[in-house]
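Structure first, commentary second.
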Amino acid sequence: MVVNLTTSEIDYEVAITETDLQWLGTLLVLPREGEVRIRKEYRQMTDKEREQFHKAVNLLKEDKNVTLNKFDILGNVHARWSTAAAAHNGPGFLGWHRVFLLMMENALRQKSENVTIPYWDTTLDAGMSKPYYSVIWSEQFLGTGGGVVTKGPFKNWTTPHGLGKLRRMIYAQGKLMNHKDIKRIMKKRHLNDISFPNANPKNNIEEIHNQAHQWVGGQMRKIEHSAYDPSFYVLHSFVDFLWEEFRNLQKRDGVNPNMDYPKDYGIASHSPLAPMGLGKLVVMDGLSDIWLQGIQYSPRPQCNATHTDCGSRYLKCISSNGRCSLAVE
Ligand SMILES: [Cu+2]
């Protein structure tokens, strides 16, 4: 089926029921006291962990106790202006997506107790001369990347709003975040310098992430339907990982990331006290350290002359630059 993406004709505002709201409310919770969640690079998960993650995603997709299903209703929270006005085109971007990621992770854990959302370190793929051969687009990971997803854990998925089958068109447009992008971002010390509306596009993390959405293509190309592809979550987990690294550098250098909100925030929906659209939270709440309480990101795959193990059978150490790279090229 050919899907026409003249999205302006589509109404993304799904009518939300009381049951939906109640369920969404159960997701807006912090990890329990003493709970430790480790978000690993997708390729560093064990086979079992990866399969459990895929299974939990599918169980949400099959669960129709809410409007659409539990996977897509969350995707719709990201799609609708009424819940996502503070999510894009402004300094609220990182905080909004951090809370949203937690909600998805909590949903997954309702299906499978110990699941965490892995992160997709796109620099590994961006370094490949033929990134479409990355294991990410194999049956063991996200499934096929050219056209309708016909293999892998999310094969033949149907997406809402008559958007048809889940599709991708990797490598056709856009760009994956690479080492240089990250280096530029990590040189900055204020949210203002890496966010819309004031950041230079070269170190604007939202803009750089937009390019990655374009790179994946298909439903991922647009805000209104990107969260209907599970690749959304592994990409955003990486964005969130990078933000945490950025926040740690801020703390090291005496900037409090909990308070560092730009005075010139651009559009009104990114005003610090504007509603986030998630529960009763306001934009500023997204900056709080509490959202990563109990959550850790495992370091990115790294190696050197003495430690040549990249922690994954899918990765190998490139001794010339001391970086891990994909084993197949
Ligand atoms: Cu988004």
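Please note that chains go A, B, ... in the order of the structure tokens, that every chain numbers its residues from 1, and that ligands are numbered from 1 in the order shown.
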Self-check item: Residues within 7 Å of ligand 1, counting only C-alpha atoms and all ligand atoms, as a list in words
Solution: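 Taking only C-alpha atoms and all ligand atoms into account, the residues around ligand 1 at most 7 Å away are His78, Ala87, His88, His97 and Ile223 of chain A.
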Export of the given selection (N, CA and C atoms) as a JSON list (two decimals), in the first residue's frame:
```json
[["chain", "number", "residue", "atom", "x", "y", "z"],
["A", 78, "HIS", "N", 2.59, 11.95, 21.84],
["A", 78, "HIS", "CA", 3.67, 12.68, 21.18],
["A", 78, "HIS", "C", 3.19, 13.40, 19.92],
["A", 87, "ALA", "N", 6.90, 20.06, 23.41],
["A", 87, "ALA", "CA", 7.87, 18.99, 23.10],
["A", 87, "ALA", "C", 8.90, 19.37, 22.05],
["A", 88, "HIS", "N", 8.55, 20.27, 21.16],
["A", 88, "HIS", "CA", 9.44, 20.54, 20.02],
["A", 88, "HIS", "C", 9.64, 22.03, 19.77],
["A", 97, "HIS", "N", 10.92, 15.07, 26.36],
["A", 97, "HIS", "CA", 11.21, 13.72, 25.86],
["A", 97, "HIS", "C", 11.79, 12.81, 26.95],
["A", 223, "ILE", "N", 6.92, 14.57, 13.27],
["A", 223, "ILE", "CA", 6.54, 14.56, 14.67],
["A", 223, "ILE", "C", 5.21, 13.82, 14.87]]
```
Practice problem: Determine, counting only C-alpha atoms, which protein, DNA and RNA residues have an atom within 10 Å of an atom of region 55-69 of chain A; residues of the same chain fewer than 3 positions away are not included. Present the result as a ChimeraX atom specification. | Solution: /A:14-24,49-52,72-76,104-105,107-113,115,153-154,157-161,228,230
Quiz prompt | Nearby residues (only C-alpha atoms) at most 8 Å from Glu245 (chain A), same-chain spacing under 4 positions excluded, as a PyMOL selection string | solution = chain A and resi 186+241+249
Self-check item: Every residue of region 200-325 of chain A that DSSP places in helix (DSSP H, G or I), as a PyMOL selection string
Solution: chain A and resi 201-203+205-216+218-221+223-226+231-252+268-270+283-287+289-292
Exercise. Assign secondary structure with DSSP using the backbone only, and return the residues of region 64-241 of chain A in strand (DSSP E) as a ChimeraX atom specification.
Key: /A:146-148,158-159,164-165,167-169
Quiz prompt | Selection: 12 Å around region 309-321 of chain A, only C-alpha atoms, excl. self and same-chain fewer than 2 positions, as a PyMOL selection string | solution = chain A and resi 40-47+121+124-125+127-128+133-136+138+140-141+298-307+323-329
Quiz prompt | For Trp291 (chain A), the nearest of the candidates A:Asp181, A:Asn258, A:Glu206, A:Met220, counting only C-alpha atoms | solution = A:Asn258
